[in-house]
file protein_18.cif (mmCIF, C-alpha atoms and all ligand atoms)
data_protein
loop_
_atom_site.label_atom_id
_atom_site.label_comp_id
_atom_site.auth_asym_id
_atom_site.auth_seq_id
_atom_site.Cartn_x
_atom_site.Cartn_y
_atom_site.Cartn_z
CA MET P 1 -44.45 -8.62 -39.08
CA LEU P 2 -42.89 -8.17 -42.53
CA TYR P 3 -44.81 -8.99 -45.71
CA ASP P 4 -43.72 -9.15 -49.32
CA ASN P 5 -45.62 -7.87 -52.37
CA HIS P 6 -47.45 -11.22 -52.61
CA GLY P 7 -48.72 -11.04 -49.02
CA ARG P 8 -46.29 -13.65 -47.74
CA ALA P 9 -45.08 -13.15 -44.18
CA ILE P 10 -41.29 -13.00 -43.90
CA ASN P 11 -39.85 -13.96 -40.52
CA TYR P 12 -36.81 -16.07 -41.37
CA ILE P 13 -33.28 -15.26 -42.51
CA ARG P 14 -30.63 -17.69 -43.66
CA LEU P 15 -27.19 -16.24 -43.17
CA ALA P 16 -24.23 -17.84 -44.96
CA VAL P 17 -21.34 -16.81 -42.74
CA THR P 18 -18.55 -18.00 -45.02
CA ASP P 19 -18.08 -19.39 -48.53
CA ARG P 20 -15.21 -21.64 -47.37
CA CYS P 21 -15.56 -25.33 -46.79
CA ASN P 22 -13.43 -28.30 -45.81
CA LEU P 23 -15.43 -30.71 -48.00
CA ARG P 24 -15.91 -30.74 -51.77
CA CYS P 25 -19.39 -32.25 -52.18
CA PHE P 26 -19.63 -32.69 -55.92
CA TYR P 27 -23.21 -31.33 -56.13
CA CYS P 28 -22.01 -28.11 -54.43
CA MET P 29 -18.60 -27.34 -55.88
CA PRO P 30 -15.96 -28.65 -58.28
CA GLU P 31 -13.12 -30.86 -57.10
CA GLU P 32 -10.61 -28.00 -57.16
CA GLY P 33 -12.97 -25.88 -55.04
CA ILE P 34 -14.26 -22.42 -55.83
CA LYS P 35 -12.44 -19.11 -55.79
CA TYR P 36 -12.98 -17.95 -52.22
CA LEU P 37 -13.72 -14.34 -51.43
CA PRO P 38 -10.92 -12.31 -49.87
CA LYS P 39 -11.59 -11.77 -46.17
CA SER P 40 -12.16 -8.04 -46.72
CA GLU P 41 -15.19 -8.86 -48.87
CA LEU P 42 -16.87 -11.01 -46.25
CA LEU P 43 -19.37 -9.44 -43.92
CA THR P 44 -17.64 -8.99 -40.57
CA TYR P 45 -19.23 -10.40 -37.42
CA GLU P 46 -19.96 -6.83 -36.31
CA GLU P 47 -21.77 -6.16 -39.59
CA MET P 48 -23.75 -9.38 -39.31
CA LEU P 49 -24.78 -8.63 -35.73
CA ARG P 50 -25.84 -5.11 -36.65
CA LEU P 51 -27.97 -6.44 -39.51
CA LEU P 52 -29.54 -9.12 -37.36
CA GLU P 53 -30.44 -6.53 -34.74
CA ILE P 54 -32.07 -4.35 -37.40
CA LEU P 55 -33.93 -7.28 -38.95
CA ALA P 56 -35.13 -8.50 -35.55
CA THR P 57 -36.85 -5.14 -35.02
CA MET P 58 -38.55 -5.59 -38.41
CA GLY P 59 -40.07 -8.98 -37.58
CA ILE P 60 -37.36 -11.52 -38.38
CA SER P 61 -37.48 -14.00 -35.50
CA LYS P 62 -35.76 -17.05 -36.92
CA LEU P 63 -32.13 -17.31 -38.02
CA ARG P 64 -30.32 -20.15 -39.74
CA ILE P 65 -26.53 -20.07 -39.81
CA THR P 66 -25.12 -21.79 -42.84
CA GLY P 67 -22.28 -21.44 -45.35
CA GLY P 68 -19.82 -22.81 -46.66
CA GLU P 69 -19.06 -24.63 -43.48
CA PRO P 70 -19.99 -22.30 -40.62
CA PHE P 71 -17.73 -23.90 -38.04
CA ILE P 72 -14.56 -23.30 -40.00
CA ARG P 73 -14.94 -19.54 -39.71
CA LYS P 74 -12.77 -18.42 -36.77
CA GLU P 75 -14.56 -17.34 -33.58
CA MET P 76 -17.89 -18.69 -34.79
CA MET P 77 -18.92 -19.69 -31.26
CA ILE P 78 -18.38 -16.15 -29.96
CA PHE P 79 -20.51 -14.80 -32.81
CA LEU P 80 -23.22 -17.39 -32.14
CA GLN P 81 -23.31 -16.48 -28.46
CA LYS P 82 -23.80 -12.81 -29.34
CA ALA P 83 -26.46 -13.61 -31.95
CA SER P 84 -28.30 -15.74 -29.39
CA GLU P 85 -28.59 -12.67 -27.16
CA ILE P 86 -30.34 -10.49 -29.78
CA GLU P 87 -33.79 -9.53 -28.58
CA GLY P 88 -36.54 -10.76 -30.87
CA LEU P 89 -34.40 -13.40 -32.55
CA ASN P 90 -36.21 -16.31 -30.94
CA GLU P 91 -34.77 -19.25 -32.80
CA ILE P 92 -31.31 -20.03 -34.08
CA HIS P 93 -30.71 -23.09 -36.23
CA ILE P 94 -27.48 -24.22 -37.89
CA THR P 95 -26.74 -26.26 -41.00
CA THR P 96 -23.37 -28.00 -40.85
CA ASN P 97 -21.45 -30.82 -42.45
CA GLY P 98 -20.65 -31.98 -38.91
CA THR P 99 -16.96 -32.59 -39.51
CA THR P 100 -15.84 -30.34 -36.65
CA THR P 101 -19.05 -30.17 -34.64
CA ALA P 102 -19.10 -33.03 -32.11
CA HIS P 103 -17.09 -31.34 -29.36
CA LEU P 104 -19.17 -28.14 -29.65
CA VAL P 105 -22.50 -29.78 -28.86
CA PRO P 106 -22.61 -28.98 -25.11
CA GLN P 107 -21.83 -25.30 -25.80
CA LEU P 108 -24.42 -25.12 -28.60
CA LYS P 109 -27.00 -26.66 -26.28
CA ALA P 110 -26.13 -24.20 -23.52
CA MET P 111 -26.64 -21.20 -25.81
CA GLY P 112 -30.06 -22.49 -26.79
CA ILE P 113 -29.47 -23.48 -30.44
CA LYS P 114 -32.86 -24.82 -31.46
CA SER P 115 -31.84 -27.43 -34.01
CA ILE P 116 -29.00 -28.62 -36.18
CA ASN P 117 -29.32 -29.81 -39.76
CA LEU P 118 -26.53 -32.26 -40.37
CA SER P 119 -25.66 -32.89 -43.99
CA LEU P 120 -25.15 -36.59 -44.52
CA ASP P 121 -25.86 -38.03 -47.93
CA THR P 122 -24.98 -41.64 -47.21
CA LEU P 123 -24.37 -44.12 -44.40
CA ASP P 124 -21.60 -45.83 -46.33
CA GLU P 125 -18.02 -44.64 -45.84
CA ALA P 126 -16.90 -45.31 -49.44
CA ARG P 127 -19.90 -43.49 -50.89
CA PHE P 128 -19.30 -40.63 -48.45
CA TYR P 129 -15.81 -40.24 -49.89
CA GLN P 130 -17.10 -40.44 -53.45
CA ILE P 131 -19.65 -37.67 -52.79
CA THR P 132 -17.67 -35.31 -50.53
CA ARG P 133 -14.16 -36.11 -51.85
CA ARG P 134 -12.94 -36.14 -48.25
CA ASN P 135 -12.33 -39.03 -45.87
CA VAL P 136 -14.13 -37.83 -42.75
CA PHE P 137 -17.22 -40.02 -42.47
CA PRO P 138 -16.41 -41.09 -38.85
CA LYS P 139 -16.25 -37.42 -37.77
CA VAL P 140 -19.74 -36.77 -39.11
CA MET P 141 -21.12 -39.87 -37.40
CA GLU P 142 -19.45 -38.70 -34.20
CA ALA P 143 -21.33 -35.41 -34.54
CA PHE P 144 -24.57 -37.28 -35.20
CA HIS P 145 -24.26 -39.27 -31.97
CA ALA P 146 -23.11 -36.24 -29.96
CA LEU P 147 -26.18 -34.31 -31.13
CA ILE P 148 -28.56 -37.11 -30.18
CA GLU P 149 -26.89 -37.60 -26.80
CA GLY P 150 -26.70 -33.85 -26.25
CA GLY P 151 -30.43 -33.51 -26.80
CA ILE P 152 -30.31 -31.04 -29.72
CA ARG P 153 -33.10 -31.52 -32.25
CA THR P 154 -31.43 -33.00 -35.32
CA LYS P 155 -32.38 -33.21 -38.95
CA ILE P 156 -30.35 -35.05 -41.56
CA ASN P 157 -30.10 -33.43 -44.99
CA MET P 158 -29.60 -35.95 -47.76
CA VAL P 159 -29.35 -34.75 -51.36
CA VAL P 160 -30.74 -37.60 -53.45
CA MET P 161 -28.64 -38.29 -56.54
CA THR P 162 -28.82 -40.80 -59.33
CA GLY P 163 -25.84 -43.15 -59.30
CA GLN P 164 -24.60 -41.87 -55.95
CA ASN P 165 -26.77 -42.67 -52.96
CA ILE P 166 -30.09 -44.17 -54.05
CA GLU P 167 -29.23 -47.28 -52.01
CA ASP P 168 -29.16 -45.03 -48.91
CA ILE P 169 -32.77 -43.84 -49.15
CA ILE P 170 -34.21 -46.79 -47.23
CA PRO P 171 -31.39 -47.14 -44.62
CA MET P 172 -31.74 -43.42 -43.88
CA ALA P 173 -35.47 -43.87 -43.21
CA GLU P 174 -34.58 -46.86 -41.01
CA LEU P 175 -32.52 -44.50 -38.84
CA THR P 176 -35.79 -42.88 -37.76
CA LYS P 177 -36.80 -46.15 -36.10
CA ASP P 178 -34.44 -45.71 -33.16
CA TYR P 179 -33.63 -42.01 -33.30
CA PRO P 180 -36.03 -39.08 -32.87
CA ILE P 181 -34.65 -37.33 -35.94
CA SER P 182 -36.07 -36.03 -39.17
CA VAL P 183 -34.41 -37.28 -42.35
CA ARG P 184 -34.96 -34.88 -45.22
CA TYR P 185 -34.52 -36.04 -48.78
CA ILE P 186 -33.59 -33.05 -50.93
CA GLU P 187 -33.96 -32.80 -54.69
CA GLU P 188 -30.63 -31.89 -56.24
CA MET P 189 -30.43 -28.29 -57.47
CA PRO P 190 -28.13 -26.83 -60.14
CA PHE P 191 -25.86 -24.88 -57.73
CA ASN P 192 -22.65 -26.83 -58.18
CA GLY P 193 -20.25 -23.99 -58.92
CA ALA P 194 -20.08 -24.93 -62.62
CA GLY P 195 -18.59 -28.27 -61.66
CA SER P 196 -18.22 -30.97 -64.26
CA HIS P 197 -21.27 -32.85 -62.99
CA TYR P 198 -24.26 -32.40 -65.26
CA GLN P 199 -27.32 -31.76 -63.11
CA THR P 200 -30.38 -33.78 -64.05
CA LEU P 201 -33.37 -34.43 -61.90
CA GLU P 202 -34.38 -38.02 -62.11
CA TRP P 203 -35.00 -38.38 -58.38
CA ASN P 204 -37.74 -35.82 -57.85
CA HIS P 205 -40.03 -35.68 -54.82
CA ARG P 206 -42.60 -38.06 -56.36
CA LYS P 207 -40.02 -40.69 -57.20
CA ILE P 208 -38.48 -40.50 -53.73
CA LEU P 209 -41.90 -41.03 -52.11
CA THR P 210 -42.74 -43.91 -54.43
CA HIS P 211 -39.44 -45.53 -53.54
CA LEU P 212 -40.07 -45.13 -49.80
CA LYS P 213 -43.50 -46.72 -50.22
CA THR P 214 -42.00 -49.87 -51.72
CA ARG P 215 -40.31 -50.57 -48.37
CA PHE P 216 -42.81 -48.81 -46.07
CA PRO P 217 -46.25 -49.29 -47.66
CA ASN P 218 -47.93 -48.00 -44.50
CA ILE P 219 -45.91 -44.77 -44.30
CA GLU P 220 -48.24 -41.99 -43.12
CA LYS P 221 -48.45 -38.36 -44.09
CA ILE P 222 -48.06 -36.19 -41.00
CA PRO P 223 -48.93 -32.48 -40.68
CA ASP P 224 -46.28 -30.09 -41.98
CA ALA P 225 -45.17 -27.23 -39.72
CA ALA P 226 -46.12 -23.72 -40.86
CA TYR P 227 -43.88 -22.56 -43.75
CA SER P 228 -42.35 -26.03 -44.03
CA THR P 229 -40.47 -26.71 -47.24
CA SER P 230 -40.73 -30.46 -46.66
CA ALA P 231 -43.70 -32.78 -47.10
CA ASN P 232 -43.45 -34.96 -44.01
CA TYR P 233 -44.16 -38.64 -43.34
CA LYS P 234 -43.75 -41.16 -40.58
CA VAL P 235 -43.44 -44.91 -40.46
CA PRO P 236 -45.91 -46.02 -37.75
CA GLY P 237 -44.08 -46.93 -34.55
CA TYR P 238 -40.83 -45.21 -35.54
CA GLN P 239 -39.47 -42.45 -33.29
CA GLY P 240 -38.55 -40.00 -36.02
CA SER P 241 -39.97 -38.87 -39.33
CA VAL P 242 -38.91 -38.28 -42.93
CA GLY P 243 -39.48 -35.27 -45.15
CA ILE P 244 -39.10 -34.66 -48.86
CA ILE P 245 -37.96 -31.24 -50.05
CA ALA P 246 -38.94 -30.42 -53.64
CA ALA P 247 -36.12 -27.91 -53.91
CA TYR P 248 -35.83 -28.20 -57.67
CA SER P 249 -39.53 -28.68 -58.41
CA ARG P 250 -40.30 -25.65 -56.22
CA THR P 251 -43.70 -26.67 -54.90
CA PHE P 252 -43.44 -24.56 -51.75
CA CYS P 253 -42.92 -21.00 -53.06
CA GLY P 254 -46.49 -19.94 -52.16
CA THR P 255 -45.65 -19.88 -48.46
CA CYS P 256 -41.99 -18.90 -48.66
CA ASN P 257 -41.15 -16.94 -45.49
CA ARG P 258 -37.39 -16.60 -45.93
CA ILE P 259 -34.66 -14.35 -47.23
CA ARG P 260 -30.97 -15.12 -47.61
CA LEU P 261 -27.77 -13.19 -47.07
CA THR P 262 -24.63 -14.43 -48.78
CA PRO P 263 -21.15 -14.18 -47.20
CA LYS P 264 -20.46 -10.98 -49.13
CA GLY P 265 -23.72 -9.39 -48.05
CA LEU P 266 -25.87 -9.96 -51.11
CA LEU P 267 -29.55 -10.16 -50.25
CA LYS P 268 -31.42 -12.92 -52.05
CA THR P 269 -35.19 -12.81 -51.75
CA CYS P 270 -35.34 -16.18 -53.56
CA LEU P 271 -32.86 -19.05 -53.74
CA TYR P 272 -33.05 -18.85 -57.53
CA ASP P 273 -32.41 -15.10 -57.92
CA ASP P 274 -28.87 -13.80 -58.23
CA GLY P 275 -29.09 -11.18 -55.53
CA VAL P 276 -31.18 -8.03 -55.31
CA PHE P 277 -28.83 -5.66 -53.46
CA ASN P 278 -25.60 -5.69 -51.52
CA VAL P 279 -26.24 -4.69 -47.94
CA ARG P 280 -22.53 -4.74 -47.07
CA ASP P 281 -21.87 -1.98 -49.58
CA ILE P 282 -24.57 0.30 -48.23
CA MET P 283 -23.45 -0.33 -44.66
CA ARG P 284 -19.84 0.43 -45.52
CA ALA P 285 -21.00 3.59 -47.32
CA GLY P 286 -22.42 4.78 -43.99
CA ALA P 287 -26.14 3.94 -44.24
CA THR P 288 -28.17 4.53 -41.08
CA ASN P 289 -30.34 1.80 -39.61
CA GLU P 290 -33.41 3.53 -41.06
CA GLN P 291 -31.86 3.59 -44.54
CA ILE P 292 -30.98 -0.08 -44.27
CA LYS P 293 -34.54 -0.90 -43.19
CA SER P 294 -36.07 0.95 -46.13
CA THR P 295 -33.74 -0.81 -48.58
CA PHE P 296 -34.90 -4.18 -47.23
CA LEU P 297 -38.55 -3.07 -47.43
CA GLU P 298 -38.10 -1.99 -51.02
CA ALA P 299 -36.55 -5.34 -51.95
CA LEU P 300 -39.37 -7.24 -50.29
CA GLY P 301 -41.87 -5.10 -52.19
CA ASN P 302 -40.42 -6.42 -55.46
CA ARG P 303 -40.10 -10.08 -54.70
CA ALA P 304 -40.57 -12.68 -57.43
CA LYS P 305 -43.69 -14.76 -56.97
CA ASP P 306 -41.79 -18.04 -57.20
CA GLY P 307 -38.46 -19.63 -58.04
CA TYR P 308 -39.28 -19.80 -61.74
CA GLU P 309 -39.95 -16.07 -61.99
CA ALA P 310 -36.81 -15.37 -59.94
CA GLU P 311 -34.79 -17.52 -62.34
CA GLU P 312 -36.20 -15.64 -65.35
CA LYS P 313 -35.28 -12.30 -63.80
CA ARG P 314 -31.65 -13.20 -63.05
CA GLN P 315 -29.42 -10.28 -64.04
CA PHE P 316 -26.60 -12.58 -65.08
CA GLY P 317 -28.91 -15.04 -66.78
CA LEU P 318 -28.64 -18.80 -67.00
CA PRO P 319 -27.10 -21.31 -66.55
CA ILE P 320 -26.68 -20.95 -62.81
CA VAL P 321 -22.96 -20.93 -62.06
CA GLU P 322 -22.98 -20.27 -58.32
CA SER P 323 -21.86 -22.85 -55.80
CA MET P 324 -24.34 -23.56 -53.00
CA SER P 325 -21.41 -22.80 -50.73
CA THR P 326 -21.83 -19.10 -51.59
CA ILE P 327 -25.58 -19.22 -50.91
CA GLY P 328 -26.09 -21.50 -47.94
CA GLY P 329 -28.79 -23.83 -49.23
N1 LIG W 1 -21.59 -26.88 -45.26
C1 LIG W 1 -22.82 -26.99 -44.58
C2 LIG W 1 -23.51 -28.29 -44.91
O1 LIG W 1 -23.13 -28.93 -45.90
O2 LIG W 1 -24.43 -28.63 -44.18
C3 LIG W 1 -23.77 -25.84 -44.81
C4 LIG W 1 -23.84 -25.27 -46.20
S1 LIG W 1 -24.51 -26.35 -47.44
C5 LIG W 1 -24.38 -25.36 -48.89
C6 LIG W 1 -26.24 -26.30 -47.01
C7 LIG W 1 -27.07 -27.42 -47.55
O3 LIG W 1 -27.16 -27.26 -48.96
C8 LIG W 1 -26.51 -28.80 -47.30
O4 LIG W 1 -27.47 -29.60 -46.65
C9 LIG W 1 -26.22 -29.34 -48.67
O5 LIG W 1 -26.45 -30.71 -48.78
C10 LIG W 1 -27.20 -28.55 -49.53
N2 LIG W 1 -26.79 -28.46 -50.92
C11 LIG W 1 -25.61 -28.04 -51.40
N3 LIG W 1 -25.60 -28.09 -52.75
C12 LIG W 1 -26.81 -28.55 -53.13
C13 LIG W 1 -27.41 -28.83 -54.40
N4 LIG W 1 -26.75 -28.64 -55.54
N5 LIG W 1 -28.68 -29.30 -54.40
C14 LIG W 1 -29.35 -29.50 -53.24
N6 LIG W 1 -28.85 -29.25 -52.02
C15 LIG W 1 -27.59 -28.79 -51.96
FE1 LIG W 2 -19.20 -27.85 -48.09
FE2 LIG W 2 -21.76 -27.98 -47.40
FE3 LIG W 2 -21.03 -27.53 -49.95
FE4 LIG W 2 -20.58 -29.91 -48.94
S1 LIG W 2 -22.61 -28.94 -49.23
S2 LIG W 2 -19.10 -28.69 -50.13
S3 LIG W 2 -20.16 -29.46 -46.85
S4 LIG W 2 -20.72 -26.19 -48.24
#

call {"tool": "encode", "arguments": {"input": "protein_18.cif", "output": "structure tokens"}}
result
Amino acid sequence: MLYDNHGRAINYIRLAVTDRCNLRCFYCMPEEGIKYLPKSELLTYEEMLRLLEILATMGISKLRITGGEPFIRKEMMIFLQKASEIEGLNEIHITTNGTTTAHLVPQLKAMGIKSINLSLDTLDEARFYQITRRNVFPKVMEAFHALIEGGIRTKINMVVMTGQNIEDIIPMAELTKDYPISVRYIEEMPFNGAGSHYQTLEWNHRKILTHLKTRFPNIEKIPDAAYSTSANYKVPGYQGSVGIIAAYSRTFCGTCNRIRLTPKGLLKTCLYDDGVFNVRDIMRAGATNEQIKSTFLEALGNRAKDGYEAEEKRQFGLPIVESMSTIGG
């Protein structure tokens, strides 16, 4: 097992396999998009597989594939199949916008993908267009139903935003009546690629819970899984549950078990840091597996204690100008 300098166990990596996306969610990137990396700067699949193999021997057992939109990178399913065969990597999860996912569900199930987080900020087609700037709501709903029918554990990620989707908070919770899903309300974070939208946090975790209680006064707190970033609740008698992720308030740093790799191979030991070293560069310079391992160990030995300290230590300072599409969430 891997530990950081604050005694936190690290067993989870989030790998953003591309910075490209077919949506333009306004909280993630500006309308005109972001400047994508040239292909030569992206980690290749071979590089990603090598890294995952190394990390699996160090104690990383859980992988989340994210992006950008993972399924728009070519040959993603071949990569996923290979990743699913890595010894020690016991769980693979994927975060997707669902726009091209429905037909892949049987294959994903067959390769043992443990769960899918589907990003869906609203159940209203017009609001979906307003938020994502693309007209593909039916495709995402198709993916939702395919996932349920295909028996893959499904979580819905909903970023809660003033003036955008507050009216969806209750209908989203209602979805858990008939479906065994988890709906996760996420505080908006300032990673919008320097888009025009000014990020404020009116809808924090407390306000979201208070709002849920107006409609579901008997909502019950349920136990949170180990290392969970969400505080979880259930409406009695409903099949699914809801969770609130204090992503901006950062209440969960004390048990943070995760590291992140960006599409260009930057290791982030905290969502709020701006990268601690570039593993692609050392690999391309010919580093051995042992050298790569010791570089990871050194980075984990210098980890910020929480997201606030990580933010203070940013080399390029504030404000944050990255798009979440280059980080993976
Ligand atoms: N494209 C995929 C998707 O949307 O699911 C995967 C990548 S996306 C960057 C990962 C997650 O980050 C999504 O659930 C998205 O809603 C969330 N996200 C993006 N920008 C965010 C922001 N500014 N604040 C909070 N969550 C954000
Ligand atoms: Fe694309 Fe996901 Fe960002 Fe939306 S949140 S623009 S789907 S990467």

call {"tool": "closest_residue", "arguments": {"input": "protein_18.cif", "among": "P:Thr326, P:Ser61, P:Asn165, P:Thr99", "to": "Ile86 in chain P", "atoms": "all atoms listed in the file"}}
result
P:Ser61

call {"tool": "closest_residue", "arguments": {"input": "protein_18.cif", "among": "P:Leu2, P:Ile327, P:Leu15, P:Val276", "to": "Arg314 in chain P", "atoms": "all atoms listed in the file"}}
result
P:Val276

call {"tool": "closest_residue", "arguments": {"input": "protein_18.cif", "among": "P:Gly329, P:Pro223, P:Gly237, P:Gly7", "to": "ligand LIG 2 (chain W)", "atoms": "all atoms listed in the file"}}
result
P:Gly329

call {"tool": "residues_around", "arguments": {"input": "protein_18.cif", "residues": "Ile72 in chain P", "least_positions_apart": "4", "cutoff": "9 Å", "atoms": "only C-alpha atoms", "output": "PDB file with C-alpha atoms, keeping the file's coordinate frame"}}
result
ATOM      1  CA  THR P  18     -18.550 -18.000 -45.020  1.00  0.00           C
ATOM      2  CA  ARG P  20     -15.210 -21.640 -47.370  1.00  0.00           C
ATOM      3  CA  CYS P  21     -15.560 -25.330 -46.790  1.00  0.00           C
ATOM      4  CA  ASN P  22     -13.430 -28.300 -45.810  1.00  0.00           C
ATOM      5  CA  GLY P  68     -19.820 -22.810 -46.660  1.00  0.00           C
ATOM      6  CA  MET P  76     -17.890 -18.690 -34.790  1.00  0.00           C
ATOM      7  CA  THR P 100     -15.840 -30.340 -36.650  1.00  0.00           C
TER       8      THR P 100
END

call {"tool": "atom_distance", "arguments": {"input": "protein_18.cif", "atom1": "CA of Leu318 in chain P", "atom2": "atom S3 of ligand LIG 2 (chain W)"}}
result
24.3 Å

call {"tool": "closest_atom_pairs", "arguments": {"input": "protein_18.cif", "of": "chain P", "to": "ligand LIG 1 (chain W)", "cutoff": "9 Å", "atoms": "only C-alpha atoms and all ligand atoms", "output": "Markdown table"}}
result
| residue | atom | partner | partner_atom | distance |
| --- | --- | --- | --- | --- |
| P:Ala16 | CA | W:LIG1 | C4 | 7.5 |
| P:Asp19 | CA | W:LIG1 | C4 | 8.6 |
| P:Arg20 | CA | W:LIG1 | N1 | 8.5 |
| P:Cys21 | CA | W:LIG1 | N1 | 6.4 |
| P:Asn22 | CA | W:LIG1 | N1 | 8.3 |
| P:Leu23 | CA | W:LIG1 | N1 | 7.8 |
| P:Cys25 | CA | W:LIG1 | N3 | 7.5 |
| P:Phe26 | CA | W:LIG1 | N3 | 8.2 |
| P:Tyr27 | CA | W:LIG1 | N4 | 4.5 |
| P:Cys28 | CA | W:LIG1 | N3 | 4.0 |
| P:Met29 | CA | W:LIG1 | N3 | 7.7 |
| P:Ile65 | CA | W:LIG1 | C3 | 8.1 |
| P:Thr66 | CA | W:LIG1 | C3 | 4.7 |
| P:Gly67 | CA | W:LIG1 | C4 | 4.2 |
| P:Gly68 | CA | W:LIG1 | N1 | 4.7 |
| P:Glu69 | CA | W:LIG1 | N1 | 3.8 |
| P:Pro70 | CA | W:LIG1 | C3 | 6.7 |
| P:Phe71 | CA | W:LIG1 | N1 | 8.7 |
| P:Ile94 | CA | W:LIG1 | C3 | 8.0 |
| P:Thr95 | CA | W:LIG1 | O2 | 4.6 |
| P:Thr96 | CA | W:LIG1 | O2 | 3.6 |
| P:Asn97 | CA | W:LIG1 | O2 | 4.1 |
| P:Gly98 | CA | W:LIG1 | O2 | 7.3 |
| P:Asn117 | CA | W:LIG1 | O2 | 6.7 |
| P:Leu118 | CA | W:LIG1 | O2 | 5.7 |
| P:Ser119 | CA | W:LIG1 | O2 | 4.4 |
| P:Leu120 | CA | W:LIG1 | O5 | 7.4 |
| P:Asp121 | CA | W:LIG1 | O5 | 7.4 |
| P:Ile156 | CA | W:LIG1 | O4 | 8.0 |
| P:Asn157 | CA | W:LIG1 | O4 | 4.9 |
| P:Met158 | CA | W:LIG1 | O5 | 6.2 |
| P:Val159 | CA | W:LIG1 | N6 | 5.6 |
| P:Val160 | CA | W:LIG1 | C14 | 8.2 |
| P:Ile186 | CA | W:LIG1 | C14 | 6.0 |
| P:Glu187 | CA | W:LIG1 | C14 | 5.9 |
| P:Glu188 | CA | W:LIG1 | N5 | 3.7 |
| P:Met189 | CA | W:LIG1 | N5 | 3.7 |
| P:Pro190 | CA | W:LIG1 | N4 | 5.1 |
| P:Phe191 | CA | W:LIG1 | N4 | 4.4 |
| P:Asn192 | CA | W:LIG1 | N4 | 5.2 |
| P:Gly193 | CA | W:LIG1 | N4 | 8.7 |
| P:Gln199 | CA | W:LIG1 | N4 | 8.2 |
| P:Ala247 | CA | W:LIG1 | C14 | 7.0 |
| P:Tyr248 | CA | W:LIG1 | N5 | 7.9 |
| P:Ser323 | CA | W:LIG1 | N3 | 7.1 |
| P:Met324 | CA | W:LIG1 | C5 | 4.5 |
| P:Ser325 | CA | W:LIG1 | C5 | 4.3 |
| P:Thr326 | CA | W:LIG1 | C5 | 7.3 |
| P:Ile327 | CA | W:LIG1 | C5 | 6.6 |
| P:Gly328 | CA | W:LIG1 | C5 | 4.3 |
| P:Gly329 | CA | W:LIG1 | O3 | 3.8 |

call {"tool": "atom_distance", "arguments": {"input": "protein_18.cif", "atom1": "CA of Asp274 in chain P", "atom2": "CA of Ile292 in chain P"}}
result
19.7 Å

call {"tool": "closest_residue", "arguments": {"input": "protein_18.cif", "among": "P:Val105, P:Ile131, P:Val183, P:Ile113", "to": "ligand LIG 2 (chain W)", "atoms": "all atoms listed in the file"}}
result
P:Ile131

call {"tool": "atom_distance", "arguments": {"input": "protein_18.cif", "atom1": "CA of Glu31 in chain P", "atom2": "atom S4 of ligand LIG 2 (chain W)"}}
result
12.6 Å

call {"tool": "closest_residue", "arguments": {"input": "protein_18.cif", "among": "P:Arg284, P:Lys62, P:His103, P:Lys268", "to": "Phe296 in chain P", "atoms": "all atoms listed in the file"}}
result
P:Lys268

call {"tool": "residues_around", "arguments": {"input": "protein_18.cif", "residues": "Gln81 in chain P", "least_positions_apart": "4", "cutoff": "7 Å", "atoms": "all atoms listed in the file", "output": "count of residues only"}}
result
3

call {"tool": "closest_residue", "arguments": {"input": "protein_18.cif", "among": "P:Arg280, P:His145, P:Lys35, P:Lys82", "to": "Leu51 in chain P", "atoms": "all atoms listed in the file"}}
result
P:Arg280

call {"tool": "residues_around", "arguments": {"input": "protein_18.cif", "residues": "Gly112 in chain P", "least_positions_apart": "3", "cutoff": "10 Å", "atoms": "only C-alpha atoms", "output": "list in words"}}
result
Gln81, Ser84, Glu85, Asn90, Glu91, Ile92, His93, Gln107, Leu108, Lys109, Ser115 and Ile152 of chain P

call {"tool": "residues_around", "arguments": {"input": "protein_18.cif", "residues": "Ser241 in chain P", "least_positions_apart": "3", "cutoff": "10 Å", "atoms": "only C-alpha atoms", "output": "ChimeraX atom specification"}}
result
/P:155,173-177,179-184,219-222,232-236,238

call {"tool": "residues_around", "arguments": {"input": "protein_18.cif", "residues": "range 277-279 of chain P", "least_positions_apart": "4", "cutoff": "10 Å", "atoms": "only C-alpha atoms", "output": "list in words"}}
result
Leu43, Glu47, Leu51, Leu261, Thr262, Lys264, Gly265, Leu266, Leu267, Lys268, Thr269, Met283, Arg284, Ala285, Ala287, Ile292, Thr295, Phe296 and Ala299 of chain P

call {"tool": "decode", "arguments": {"input": "protein_18.cif", "residues": "range 270-275 of chain P", "atoms": "N, CA and C atoms", "output": "mmCIF file, in the first residue's frame"}}
result
data_model
loop_
_atom_site.group_PDB
_atom_site.id
_atom_site.type_symbol
_atom_site.label_atom_id
_atom_site.label_comp_id
_atom_site.auth_asym_id
_atom_site.auth_seq_id
_atom_site.Cartn_x
_atom_site.Cartn_y
_atom_site.Cartn_z
ATOM 1 N N CYS P 270 -3.193 16.674 -6.080
ATOM 2 C CA CYS P 270 -4.430 17.294 -5.587
ATOM 3 C C CYS P 270 -5.105 17.950 -6.781
ATOM 4 N N LEU P 271 -6.434 17.921 -6.785
ATOM 5 C CA LEU P 271 -7.194 18.563 -7.869
ATOM 6 C C LEU P 271 -6.814 20.033 -8.009
ATOM 7 N N TYR P 272 -6.477 20.669 -6.885
ATOM 8 C CA TYR P 272 -6.237 22.110 -6.895
ATOM 9 C C TYR P 272 -4.774 22.481 -7.120
ATOM 10 N N ASP P 273 -3.856 21.478 -7.251
ATOM 11 C CA ASP P 273 -2.481 21.875 -7.584
ATOM 12 C C ASP P 273 -2.371 22.017 -9.099
ATOM 13 N N ASP P 274 -1.229 22.558 -9.575
ATOM 14 C CA ASP P 274 -1.130 22.665 -11.028
ATOM 15 C C ASP P 274 -0.073 21.719 -11.595
ATOM 16 N N GLY P 275 0.032 20.571 -10.958
ATOM 17 C CA GLY P 275 0.890 19.514 -11.477
ATOM 18 C C GLY P 275 2.219 19.488 -10.748
#
